[in-house]
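What follows is the content of work.cif, which has mmCIF, C-alpha atoms (C1' of nucleotides):
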data_work
#
loop_
_atom_site.group_PDB
_atom_site.id
_atom_site.type_symbol
_atom_site.label_atom_id
_atom_site.label_comp_id
_atom_site.auth_asym_id
_atom_site.auth_seq_id
_atom_site.Cartn_x
_atom_site.Cartn_y
_atom_site.Cartn_z
ATOM 1 C CA MET C 24 5.901 -10.526 -11.553
ATOM 2 C CA PRO C 25 5.766 -10.953 -7.872
ATOM 3 C CA GLU C 26 6.091 -8.318 -5.223
ATOM 4 C CA LEU C 27 4.662 -8.458 -1.717
ATOM 5 C CA PRO C 28 0.954 -8.549 -2.704
ATOM 6 C CA GLU C 29 1.484 -11.169 -5.407
ATOM 7 C CA VAL C 30 3.596 -13.388 -3.143
ATOM 8 C CA GLU C 31 1.037 -12.983 -0.361
ATOM 9 C CA THR C 32 -1.678 -14.117 -2.776
ATOM 10 C CA VAL C 33 0.404 -17.098 -3.868
ATOM 11 C CA VAL C 34 1.065 -18.081 -0.252
ATOM 12 C CA ARG C 35 -2.647 -17.981 0.554
ATOM 13 C CA SER C 36 -3.326 -20.176 -2.453
ATOM 14 C CA ILE C 37 -0.878 -22.844 -1.274
ATOM 15 C CA LEU C 38 -1.998 -22.937 2.365
ATOM 16 C CA PRO C 39 -3.891 -26.187 1.610
ATOM 17 C CA LEU C 40 -0.430 -27.779 1.316
ATOM 18 C CA VAL C 41 0.116 -27.474 5.070
ATOM 19 C CA GLY C 42 0.281 -30.997 6.480
ATOM 20 C CA ARG C 43 1.037 -32.643 3.133
ATOM 21 C CA ARG C 44 3.950 -35.058 2.866
ATOM 22 C CA ILE C 45 6.532 -34.659 0.111
ATOM 23 C CA LEU C 46 6.887 -38.057 -1.547
ATOM 24 C CA GLY C 47 9.424 -36.968 -4.125
ATOM 25 C CA ALA C 48 10.997 -33.969 -5.811
ATOM 26 C CA GLU C 49 12.380 -33.615 -9.303
ATOM 27 C CA PHE C 50 14.528 -30.689 -10.397
ATOM 28 C CA LEU C 51 14.895 -30.035 -14.103
ATOM 29 C CA ALA C 52 16.948 -26.827 -14.071
ATOM 30 C CA ALA C 53 19.907 -26.842 -11.696
ATOM 31 C CA ARG C 54 20.215 -23.041 -11.856
ATOM 32 C CA ILE C 55 17.044 -22.676 -9.783
ATOM 33 C CA LEU C 56 18.769 -24.548 -6.945
ATOM 34 C CA ARG C 57 21.578 -21.966 -6.758
ATOM 35 C CA GLY C 58 24.356 -24.459 -6.493
ATOM 36 C CA GLY C 59 22.374 -27.109 -4.663
ATOM 37 C CA ASP C 60 22.636 -30.655 -5.939
ATOM 38 C CA PRO C 61 19.332 -31.857 -7.479
ATOM 39 C CA GLU C 62 19.755 -35.501 -6.489
ATOM 40 C CA ARG C 63 20.832 -34.833 -2.932
ATOM 41 C CA MET C 64 18.097 -32.285 -2.426
ATOM 42 C CA ALA C 65 15.459 -34.721 -3.652
ATOM 43 C CA VAL C 66 16.701 -37.341 -1.201
ATOM 44 C CA ARG C 67 16.697 -34.868 1.679
ATOM 45 C CA LEU C 68 13.152 -33.732 0.889
ATOM 46 C CA ALA C 69 11.536 -37.116 0.418
ATOM 47 C CA GLY C 70 9.243 -38.117 3.270
ATOM 48 C CA ARG C 71 9.184 -34.740 4.984
ATOM 49 C CA ARG C 72 5.915 -33.098 5.886
ATOM 50 C CA ILE C 73 5.098 -29.452 5.109
ATOM 51 C CA GLY C 74 4.437 -27.417 8.237
ATOM 52 C CA ALA C 75 3.780 -23.701 8.412
ATOM 53 C CA ILE C 76 3.975 -21.676 5.191
ATOM 54 C CA ARG C 77 4.909 -18.031 5.630
ATOM 55 C CA ARG C 78 5.826 -15.066 3.474
ATOM 56 C CA TYR C 79 8.872 -12.929 4.332
ATOM 57 C CA GLY C 80 8.913 -9.991 1.937
ATOM 58 C CA LYS C 81 9.000 -11.690 -1.459
ATOM 59 C CA PHE C 82 10.249 -15.016 -0.076
ATOM 60 C CA ILE C 83 8.077 -18.035 0.651
ATOM 61 C CA LEU C 84 9.273 -20.119 3.582
ATOM 62 C CA MET C 85 7.887 -23.583 4.301
ATOM 63 C CA SER C 86 8.911 -25.263 7.515
ATOM 64 C CA LEU C 87 9.471 -29.002 7.219
ATOM 65 C CA SER C 88 9.088 -31.881 9.627
ATOM 66 C CA GLY C 89 12.372 -32.901 11.215
ATOM 67 C CA GLY C 90 13.417 -29.233 11.226
ATOM 68 C CA GLY C 91 14.587 -27.270 8.266
ATOM 69 C CA TYR C 92 12.991 -25.034 5.701
ATOM 70 C CA LEU C 93 12.172 -25.011 2.032
ATOM 71 C CA LEU C 94 12.791 -21.480 0.759
ATOM 72 C CA LEU C 95 11.217 -20.312 -2.494
ATOM 73 C CA HIS C 96 11.693 -17.080 -4.409
ATOM 74 C CA LEU C 97 9.722 -16.408 -7.571
ATOM 75 C CA GLY C 98 12.176 -13.922 -9.088
ATOM 76 C CA MET C 99 10.543 -12.035 -11.951
ATOM 77 C CA THR C 100 8.608 -14.806 -13.684
ATOM 78 C CA GLY C 101 8.333 -17.602 -11.137
ATOM 79 C CA ARG C 102 5.004 -19.350 -10.684
ATOM 80 C CA LEU C 103 3.692 -22.051 -8.448
ATOM 81 C CA SER C 104 0.920 -24.308 -9.618
ATOM 82 C CA ARG C 105 -1.178 -26.989 -7.951
ATOM 83 C CA THR C 106 -2.928 -27.841 -11.194
ATOM 84 C CA GLY C 107 -1.921 -28.527 -14.760
ATOM 85 C CA ALA C 108 0.908 -30.400 -16.409
ATOM 86 C CA PRO C 109 4.650 -29.639 -16.483
ATOM 87 C CA GLY C 110 5.612 -27.330 -19.349
ATOM 88 C CA LYS C 111 8.640 -25.913 -21.110
ATOM 89 C CA HIS C 112 9.681 -23.834 -18.097
ATOM 90 C CA THR C 113 8.819 -26.214 -15.288
ATOM 91 C CA HIS C 114 11.969 -26.492 -13.160
ATOM 92 C CA ALA C 115 10.709 -28.362 -10.134
ATOM 93 C CA ILE C 116 8.020 -30.944 -9.535
ATOM 94 C CA PHE C 117 7.064 -31.800 -5.945
ATOM 95 C CA THR C 118 4.981 -34.938 -5.681
ATOM 96 C CA LEU C 119 2.854 -34.883 -2.536
ATOM 97 C CA ASP C 120 0.835 -37.514 -0.753
ATOM 98 C CA ARG C 121 -2.150 -35.679 -2.158
ATOM 99 C CA GLY C 122 -1.600 -33.554 -5.262
ATOM 100 C CA VAL C 123 1.451 -31.940 -6.756
ATOM 101 C CA LEU C 124 3.262 -28.596 -6.707
ATOM 102 C CA LEU C 125 4.997 -27.266 -9.824
ATOM 103 C CA PHE C 126 7.543 -24.450 -9.992
ATOM 104 C CA ASP C 127 7.703 -22.690 -13.366
ATOM 105 C CA ASP C 128 10.027 -19.812 -14.201
ATOM 106 C CA SER C 129 10.846 -18.746 -17.757
ATOM 107 C CA ARG C 130 13.637 -16.322 -16.833
ATOM 108 C CA GLN C 131 15.112 -18.557 -14.156
ATOM 109 C CA PHE C 132 15.688 -15.710 -11.696
ATOM 110 C CA GLY C 133 13.750 -17.607 -9.056
ATOM 111 C CA ALA C 134 15.285 -19.891 -6.461
ATOM 112 C CA ILE C 135 14.567 -23.013 -4.449
ATOM 113 C CA GLU C 136 16.752 -23.686 -1.417
ATOM 114 C CA LEU C 137 16.697 -26.238 1.378
ATOM 115 C CA HIS C 138 17.995 -24.989 4.735
ATOM 116 C CA GLU C 139 18.413 -26.888 7.984
ATOM 117 C CA ASP C 140 18.334 -23.621 9.959
ATOM 118 C CA PHE C 141 16.383 -20.400 9.556
ATOM 119 C CA PRO C 142 17.875 -18.936 6.348
ATOM 120 C CA ALA C 143 20.324 -16.090 6.905
ATOM 121 C CA ARG C 144 19.173 -14.261 3.795
ATOM 122 C CA VAL C 145 15.660 -14.106 5.229
ATOM 123 C CA ALA C 146 16.935 -13.043 8.647
ATOM 124 C CA ARG C 147 18.818 -10.169 6.995
ATOM 125 C CA LEU C 148 15.663 -8.662 5.454
ATOM 126 C CA GLY C 149 14.219 -5.415 6.758
ATOM 127 C CA PRO C 150 10.828 -5.240 8.497
ATOM 128 C CA GLU C 151 7.476 -5.969 6.887
ATOM 129 C CA PRO C 152 6.081 -2.613 5.755
ATOM 130 C CA LEU C 153 2.592 -3.572 6.945
ATOM 131 C CA GLU C 154 3.881 -4.348 10.439
ATOM 132 C CA MET C 155 6.106 -1.300 10.814
ATOM 133 C CA ALA C 156 5.213 1.757 12.877
ATOM 134 C CA ALA C 157 5.093 4.953 10.818
ATOM 135 C CA GLU C 158 7.577 6.706 13.110
ATOM 136 C CA ASP C 159 10.115 3.876 12.771
ATOM 137 C CA PHE C 160 9.708 3.939 9.002
ATOM 138 C CA ALA C 161 10.321 7.688 8.873
ATOM 139 C CA ARG C 162 13.285 7.561 11.246
ATOM 140 C CA SER C 163 14.955 4.742 9.333
ATOM 141 C CA LEU C 164 14.263 6.432 6.000
ATOM 142 C CA ARG C 165 15.906 9.682 7.011
ATOM 143 C CA ARG C 166 19.049 7.906 8.185
ATOM 144 C CA HIS C 167 19.798 6.738 4.626
ATOM 145 C CA ARG C 168 21.437 8.912 2.002
ATOM 146 C CA THR C 169 20.093 7.864 -1.350
ATOM 147 C CA ARG C 170 17.195 8.484 -3.679
ATOM 148 C CA ILE C 171 13.856 7.471 -2.259
ATOM 149 C CA LYS C 172 12.978 5.089 -5.092
ATOM 150 C CA ALA C 173 16.230 3.169 -4.603
ATOM 151 C CA LEU C 174 15.599 2.936 -0.871
ATOM 152 C CA LEU C 175 12.085 1.546 -1.290
ATOM 153 C CA LEU C 176 13.533 -1.209 -3.482
ATOM 154 C CA ASN C 177 16.207 -2.008 -0.880
ATOM 155 C CA GLN C 178 14.990 -5.179 0.864
ATOM 156 C CA ALA C 179 17.124 -4.391 3.918
ATOM 157 C CA PHE C 180 15.115 -1.197 4.447
ATOM 158 C CA VAL C 181 11.666 -2.731 4.096
ATOM 159 C CA ARG C 182 10.972 -6.157 2.652
ATOM 160 C CA GLY C 183 8.597 -6.914 -0.186
ATOM 161 C CA VAL C 184 8.360 -3.630 -2.073
ATOM 162 C CA GLY C 185 9.251 -3.850 -5.770
ATOM 163 C CA ASN C 186 9.047 -1.596 -8.795
ATOM 164 C CA ILE C 187 5.267 -1.425 -9.154
ATOM 165 C CA TYR C 188 4.387 -0.609 -5.561
ATOM 166 C CA ALA C 189 7.343 1.735 -5.073
ATOM 167 C CA ASP C 190 6.106 3.861 -7.986
ATOM 168 C CA GLU C 191 2.487 3.689 -6.894
ATOM 169 C CA ALA C 192 3.252 4.617 -3.280
ATOM 170 C CA LEU C 193 5.462 7.542 -4.323
ATOM 171 C CA PHE C 194 2.694 8.864 -6.561
ATOM 172 C CA ARG C 195 0.138 8.639 -3.771
ATOM 173 C CA ALA C 196 2.498 10.431 -1.409
ATOM 174 C CA GLY C 197 3.344 13.137 -3.975
ATOM 175 C CA ILE C 198 7.073 12.398 -3.797
ATOM 176 C CA HIS C 199 9.408 12.397 -6.806
ATOM 177 C CA PRO C 200 11.281 9.077 -7.209
ATOM 178 C CA MET C 201 14.626 10.902 -7.218
ATOM 179 C CA ALA C 202 13.932 12.802 -3.996
ATOM 180 C CA SER C 203 16.768 12.584 -1.481
ATOM 181 C CA THR C 204 15.907 10.524 1.593
ATOM 182 C CA ALA C 205 18.054 12.464 4.037
ATOM 183 C CA ARG C 206 16.321 15.715 3.127
ATOM 184 C CA LEU C 207 12.769 14.377 3.111
ATOM 185 C CA ARG C 208 10.767 16.160 5.781
ATOM 186 C CA LEU C 209 9.161 14.117 8.515
ATOM 187 C CA ASP C 210 5.581 14.783 7.454
ATOM 188 C CA ARG C 211 6.350 13.596 3.922
ATOM 189 C CA ALA C 212 8.066 10.447 5.208
ATOM 190 C CA LEU C 213 5.020 9.669 7.341
ATOM 191 C CA ARG C 214 2.773 10.293 4.360
ATOM 192 C CA LEU C 215 4.848 7.858 2.301
ATOM 193 C CA HIS C 216 4.455 5.178 4.958
ATOM 194 C CA GLN C 217 0.679 5.600 4.861
ATOM 195 C CA ALA C 218 0.676 5.519 1.042
ATOM 196 C CA LEU C 219 2.692 2.314 1.076
ATOM 197 C CA VAL C 220 0.378 0.660 3.604
ATOM 198 C CA ASP C 221 -2.664 1.726 1.585
ATOM 199 C CA VAL C 222 -1.404 0.560 -1.784
ATOM 200 C CA LEU C 223 -0.132 -2.791 -0.483
ATOM 201 C CA THR C 224 -3.355 -3.447 1.424
ATOM 202 C CA GLU C 225 -5.509 -2.611 -1.591
ATOM 203 C CA ALA C 226 -3.329 -4.738 -3.871
ATOM 204 C CA ILE C 227 -3.541 -7.768 -1.568
ATOM 205 C CA ALA C 228 -7.319 -7.389 -1.487
ATOM 206 C CA ALA C 229 -7.280 -7.385 -5.300
ATOM 207 C CA GLY C 230 -5.141 -10.533 -5.476
ATOM 208 C CA GLY C 231 -2.097 -8.613 -6.757
ATOM 209 C CA SER C 232 -1.296 -7.178 -10.181
ATOM 210 C CA SER C 233 -1.384 -9.432 -13.250
ATOM 211 C CA ILE C 234 0.872 -7.546 -15.682
ATOM 212 C CA SER C 235 1.530 -10.216 -18.261
ATOM 213 C CA ASP C 236 0.941 -13.664 -16.910
ATOM 214 C CA TYR C 237 1.027 -13.615 -13.125
ATOM 215 C CA VAL C 238 -1.440 -16.022 -11.528
ATOM 216 C CA ASP C 239 -1.653 -17.673 -8.109
ATOM 217 C CA ALA C 240 -1.177 -21.410 -7.562
ATOM 218 C CA ASP C 241 -4.773 -22.059 -8.552
ATOM 219 C CA GLY C 242 -4.408 -20.132 -11.809
ATOM 220 C CA ARG C 243 -6.366 -17.105 -10.622
ATOM 221 C CA GLN C 244 -5.370 -13.659 -11.902
ATOM 222 C CA GLY C 245 -5.053 -10.564 -9.767
ATOM 223 C CA PHE C 246 -6.784 -7.384 -10.843
ATOM 224 C CA PHE C 247 -4.891 -4.559 -9.139
ATOM 225 C CA GLN C 248 -3.246 -3.641 -12.468
ATOM 226 C CA VAL C 249 -6.393 -1.719 -13.415
ATOM 227 C CA SER C 250 -5.796 0.480 -10.359
ATOM 228 C CA HIS C 251 -2.218 1.450 -11.243
ATOM 229 C CA ARG C 252 -1.988 5.245 -11.440
ATOM 230 C CA VAL C 253 1.549 5.658 -12.821
ATOM 231 C CA TYR C 254 3.236 2.271 -13.277
ATOM 232 C CA GLN C 255 3.695 1.633 -17.037
ATOM 233 C CA ARG C 256 1.440 4.579 -17.887
ATOM 234 C CA THR C 257 4.181 6.670 -19.556
ATOM 235 C CA GLY C 258 2.616 9.412 -21.697
ATOM 236 C CA GLU C 259 -0.877 8.843 -20.350
ATOM 237 C CA PRO C 260 -2.605 11.617 -18.388
ATOM 238 C CA CYS C 261 -2.182 11.794 -14.616
ATOM 239 C CA VAL C 262 -5.405 10.670 -12.936
ATOM 240 C CA SER C 263 -5.184 13.728 -10.712
ATOM 241 C CA CYS C 264 -3.927 16.639 -12.884
ATOM 242 C CA ARG C 265 -3.922 15.276 -16.469
ATOM 243 C CA ALA C 266 -0.198 16.032 -16.973
ATOM 244 C CA ALA C 267 1.585 13.334 -19.005
ATOM 245 C CA ILE C 268 3.154 10.599 -16.867
ATOM 246 C CA ARG C 269 6.935 10.455 -17.320
ATOM 247 C CA ARG C 270 9.475 7.661 -17.048
ATOM 248 C CA VAL C 271 13.025 8.028 -15.723
ATOM 249 C CA LEU C 272 15.668 5.545 -14.642
ATOM 250 C CA VAL C 273 16.492 5.430 -10.939
ATOM 251 C CA ALA C 274 18.917 2.747 -9.765
ATOM 252 C CA GLN C 275 18.611 1.204 -13.251
ATOM 253 C CA ARG C 276 14.898 0.631 -12.814
ATOM 254 C CA SER C 277 12.070 2.310 -14.733
ATOM 255 C CA SER C 278 10.353 4.821 -12.526
ATOM 256 C CA HIS C 279 7.011 6.278 -13.508
ATOM 257 C CA PHE C 280 5.799 9.541 -12.011
ATOM 258 C CA CYS C 281 3.677 12.637 -12.541
ATOM 259 C CA PRO C 282 5.975 15.647 -13.095
ATOM 260 C CA ARG C 283 3.373 17.994 -11.654
ATOM 261 C CA CYS C 284 2.058 16.067 -8.632
ATOM 262 C CA GLN C 285 5.368 14.612 -7.385
ATOM 263 C CA LYS C 286 7.965 16.948 -5.860
ATOM 264 C CA ARG C 287 11.585 16.326 -4.915
ATOM 265 C "C1'" DA H 29 29.247 0.249 5.418
ATOM 266 C "C1'" DT H 30 26.760 1.990 1.376
ATOM 267 C "C1'" DC H 31 26.013 3.111 -3.137
ATOM 268 C "C1'" DG H 32 25.420 2.596 -8.319
ATOM 269 C "C1'" DG H 33 26.277 -0.253 -12.196
ATOM 270 C "C1'" DT H 34 26.256 -4.772 -14.222
ATOM 271 C "C1'" DA H 35 25.183 -9.664 -14.860
ATOM 272 C "C1'" DC H 36 22.111 -13.328 -14.856
ATOM 273 C "C1'" DC H 37 17.904 -15.536 -18.401
ATOM 274 C "C1'" DT H 38 13.916 -15.744 -21.741
ATOM 275 C "C1'" DG H 39 10.118 -13.688 -24.196
ATOM 276 C "C1'" DC H 40 7.784 -10.051 -26.316
ATOM 277 C "C1'" DA H 41 6.796 -5.716 -28.834
ATOM 278 C "C1'" DC H 42 8.541 -2.672 -31.957
ATOM 279 C "C1'" DG H 43 10.813 -0.569 -36.130
ATOM 280 C "C1'" DC H 44 13.072 -1.487 -40.332
ATOM 281 C "C1'" DT E 6 9.317 -12.954 -42.523
ATOM 282 C "C1'" DG E 7 13.432 -12.004 -40.030
ATOM 283 C "C1'" DC E 8 16.621 -9.371 -37.357
ATOM 284 C "C1'" DG E 9 18.247 -6.062 -34.058
ATOM 285 C "C1'" DT E 10 16.997 -3.315 -30.043
ATOM 286 C "C1'" DG E 11 14.991 -2.314 -25.764
ATOM 287 C "C1'" DC E 12 12.255 -3.653 -22.107
ATOM 288 C "C1'" DA E 13 10.219 -6.689 -18.264
ATOM 289 C "C1'" DG E 14 7.429 -8.012 -11.414
ATOM 290 C "C1'" DG E 15 13.883 -10.183 -9.215
ATOM 291 C "C1'" DT E 16 18.604 -10.408 -6.452
ATOM 292 C "C1'" DA E 17 23.797 -10.985 -6.188
ATOM 293 C "C1'" DC E 18 28.098 -9.292 -6.889
ATOM 294 C "C1'" DC E 19 31.648 -5.994 -8.065
ATOM 295 C "C1'" DG E 20 34.418 -1.909 -7.338
ATOM 296 C "C1'" DA E 21 34.354 2.902 -5.805
#
Could you render the structure from this file as structure tokens?
Amino acid sequence: MPELPEVETVVRSILPLVGRRILGAEFLAARILRGGDPERMAVRLAGRRIGAIRRYGKFILMSLSGGGYLLLHLGMTGRLSRTGAPGKHTHAIFTLDRGVLLFDDSRQFGAIELHEDFPARVARLGPEPLEMAAEDFARSLRRHRTRIKALLLNQAFVRGVGNIYADEALFRAGIHPMASTARLRLDRALRLHQALVDVLTEAIAAGGSSISDYVDADGRQGFFQVSHRVYQRTGEPCVSCRAAIRRVLVAQRSSHFCPRCQKR
DNA sequence: ATCGGTACCTGCACGC
DNA sequence: TGCGTGCAGGTACCGA
């Protein structure tokens, strides 16, 4: 589900939680805590107030009173909800002084962590693509030796790009997903940066892509999926040249591209 | 230090 | 109807 635009939309939908106090927390699936102890974590959370809520790539970071951070990752199928009742895949229930926050995740790839210091795994992420200068993006890109699709998915290169927006940006830039980064000419690298900025900006404005069941914390769907030009359009005509969209595996991930418009 | 492959989990669509 | 297969927005870990 959630890449940068979806997580950004979710974060905006939970901004009303800033200033709320956590009265209690209940964790129903220990796996989501990644080794953390449910009981101890609940005790440590109780009584703390939610401060700033920020997105770092695909991570959601809430600062807490008394120092420390609650770190959330939605994985593939994670959802936050401020409304509705706990269901089959509800793994965490935060009871607040006003309202509630539920964490649902059918595939359990998501994570909830409590850190007393700024989390190292967040500090290790690459820059935000929307805050990065085009020249820095191009320079960094050409230092790597891999296929461009794999690099876009590498969160240490830029943070927040996932399978949908990698494919969509590559299409807009006319670059084949298997193109070699080291041999990509400067003008094409700069064009890719612009394509990435454009597609992410448009997707945020659309509230993200709702592929199967993605919704924000208020249950609202995104509608950028109707603007996808290649992602999951295998066999359909290219919006630009009518050639059939193809699908190949790059770094074990489906990659959708136009064989005529996108060059290596 | 980097890279590709695999594992982790559940649900769904599809063909037989 | 049921069963097997392949696929799905994610990251972490392994060995090369």
Got a sec to resolve the PyMOL selection byres ((chain C) within 10 of (chain E)) on this structure and send the residues as a PDB file with C-alpha atoms, keeping the file's coordinate frame?
ATOM      1  CA  MET C  24       5.901 -10.526 -11.553  1.00  0.00           C
ATOM      2  CA  PRO C  25       5.766 -10.953  -7.872  1.00  0.00           C
ATOM      3  CA  GLU C  26       6.091  -8.318  -5.223  1.00  0.00           C
ATOM      4  CA  GLU C  29       1.484 -11.169  -5.407  1.00  0.00           C
ATOM      5  CA  LYS C  81       9.000 -11.690  -1.459  1.00  0.00           C
ATOM      6  CA  HIS C  96      11.693 -17.080  -4.409  1.00  0.00           C
ATOM      7  CA  LEU C  97       9.722 -16.408  -7.571  1.00  0.00           C
ATOM      8  CA  GLY C  98      12.176 -13.922  -9.088  1.00  0.00           C
ATOM      9  CA  MET C  99      10.543 -12.035 -11.951  1.00  0.00           C
ATOM     10  CA  THR C 100       8.608 -14.806 -13.684  1.00  0.00           C
ATOM     11  CA  GLY C 101       8.333 -17.602 -11.137  1.00  0.00           C
ATOM     12  CA  ARG C 130      13.637 -16.322 -16.833  1.00  0.00           C
ATOM     13  CA  GLN C 131      15.112 -18.557 -14.156  1.00  0.00           C
ATOM     14  CA  PHE C 132      15.688 -15.710 -11.696  1.00  0.00           C
ATOM     15  CA  GLY C 133      13.750 -17.607  -9.056  1.00  0.00           C
ATOM     16  CA  GLN C 178      14.990  -5.179   0.864  1.00  0.00           C
ATOM     17  CA  GLY C 185       9.251  -3.850  -5.770  1.00  0.00           C
ATOM     18  CA  ASN C 186       9.047  -1.596  -8.795  1.00  0.00           C
ATOM     19  CA  ILE C 187       5.267  -1.425  -9.154  1.00  0.00           C
ATOM     20  CA  TYR C 188       4.387  -0.609  -5.561  1.00  0.00           C
ATOM     21  CA  SER C 232      -1.296  -7.178 -10.181  1.00  0.00           C
ATOM     22  CA  SER C 233      -1.384  -9.432 -13.250  1.00  0.00           C
ATOM     23  CA  ILE C 234       0.872  -7.546 -15.682  1.00  0.00           C
ATOM     24  CA  SER C 235       1.530 -10.216 -18.261  1.00  0.00           C
ATOM     25  CA  TYR C 237       1.027 -13.615 -13.125  1.00  0.00           C
ATOM     26  CA  SER C 277      12.070   2.310 -14.733  1.00  0.00           C
TER      27      SER C 277
END
Can you build me a table of chain H residues sitting at most 8 Å from chain C, with the closest atom pair per residue and its distance in Å to one decimal, using all atoms listed in the file, sorted by chain and residue number, as a Markdown table?
| residue | atom | partner | partner_atom | distance |
| --- | --- | --- | --- | --- |
| H:DC31 | C1' | C:Thr169 | CA | 7.8 |
| H:DG32 | C1' | C:Ala274 | CA | 6.7 |
| H:DG33 | C1' | C:Gln275 | CA | 7.9 |
| H:DC36 | C1' | C:Phe132 | CA | 7.5 |
| H:DC37 | C1' | C:Arg130 | CA | 4.6 |
| H:DT38 | C1' | C:Arg130 | CA | 4.9 |
Go ahead and write the selection's residues with C-alpha atoms (C1' of nucleotides) as a short mmCIF file (atom, residue, chain, number, x, y, z; two decimals), in the frame of the given file.
data_model
loop_
_atom_site.label_atom_id
_atom_site.label_comp_id
_atom_site.auth_asym_id
_atom_site.auth_seq_id
_atom_site.Cartn_x
_atom_site.Cartn_y
_atom_site.Cartn_z
"C1'" DC H 31 26.01 3.11 -3.14
"C1'" DG H 32 25.42 2.60 -8.32
"C1'" DG H 33 26.28 -0.25 -12.20
"C1'" DC H 36 22.11 -13.33 -14.86
"C1'" DC H 37 17.90 -15.54 -18.40
"C1'" DT H 38 13.92 -15.74 -21.74
#
**Request:** Name the residues in contact with Leu223 of chain C at a cut-off of 7 Å, using all atoms listed in the file, excluding same-chain residues fewer than 4 positions from it; report them as a PyMOL selection string.
**Result:** chain C and resi 28+219+227
**Request:** Carefully work through the PyMOL selection byres ((chain C and resi 119) around 10) for this structure and note down the residues it includes, as a ChimeraX atom specification.
**Result:** /C:40,43-48,69-73,116-118,120-124
**Asked** Please, what distance in Å, to one decimal, runs between atom CA of Met201 of chain C and atom CA of Arg162 of chain C?
**Response**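 Separating atom CA of Met201 of chain C from atom CA of Arg162 of chain C is a distance of 18.8 Å.
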**Message:** Evaluated on this file, the PyMOL selection byres ((chain C and resi 62-64) around 12) picks out some residues - which ones are they, written as a VMD selection string?
**Reply:** chain C and resid 47 to 53 56 to 61 65 to 69 71 93 115 117 135 to 139
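Here atom CA of Asp210 of chain C and atom CA of Thr257 of chain C stand 28.2 Å from one another.
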**Asked** Can you tell me how far atom CA of Ala205 of chain C sits from atom CA of Phe160 of chain C, in Å to one decimal?
**Response**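 Separation of atom CA of Ala205 of chain C and atom CA of Phe160 of chain C: 12.9 Å.
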**Request:** For Ile83 of chain C, work out the shell of residues within 6 Å, counting only C-alpha atoms (C1' of nucleotides) and skipping chain neighbours fewer than 2 positions away, then give it as a ChimeraX atom specification.
**Result:** /C:77-78,94-95
**Request:** Please identify all polymer residues within 9 Å of Ala266 of chain C, counting all atoms listed in the file, omitting same-chain residues fewer than 4 positions from it, and present them as an MDAnalysis selection string.
**Result:** chainID C and resid 258:262 281:284
Output file for the selection above: C-alpha atoms, as a JSON list (two decimals), keeping the file's coordinate frame:
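To be explicit, this is the file written out as result.json:
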[["chain", "number", "residue", "atom", "x", "y", "z"],
["C", 258, "GLY", "CA", 2.62, 9.41, -21.70],
["C", 259, "GLU", "CA", -0.88, 8.84, -20.35],
["C", 260, "PRO", "CA", -2.60, 11.62, -18.39],
["C", 261, "CYS", "CA", -2.18, 11.79, -14.62],
["C", 262, "VAL", "CA", -5.40, 10.67, -12.94],
["C", 281, "CYS", "CA", 3.68, 12.64, -12.54],
["C", 282, "PRO", "CA", 5.98, 15.65, -13.10],
["C", 283, "ARG", "CA", 3.37, 17.99, -11.65],
["C", 284, "CYS", "CA", 2.06, 16.07, -8.63]]
**Item:** Polymer residues at most 7 Å from Leu27 of chain C, all atoms listed in the file, same-chain spacing of 3 or more positions, as a ChimeraX atom specification
**Value:** /C:30-31,80-81,183-184
Please write the residues from the selection above to a file, keeping C-alpha atoms, as a short mmCIF file (atom, residue, chain, number, x, y, z; two decimals), in the frame of the given file.
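Once written, part.cif looks like this:
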data_model
loop_
_atom_site.label_atom_id
_atom_site.label_comp_id
_atom_site.auth_asym_id
_atom_site.auth_seq_id
_atom_site.Cartn_x
_atom_site.Cartn_y
_atom_site.Cartn_z
CA VAL C 30 3.60 -13.39 -3.14
CA GLU C 31 1.04 -12.98 -0.36
CA GLY C 80 8.91 -9.99 1.94
CA LYS C 81 9.00 -11.69 -1.46
CA GLY C 183 8.60 -6.91 -0.19
CA VAL C 184 8.36 -3.63 -2.07
#
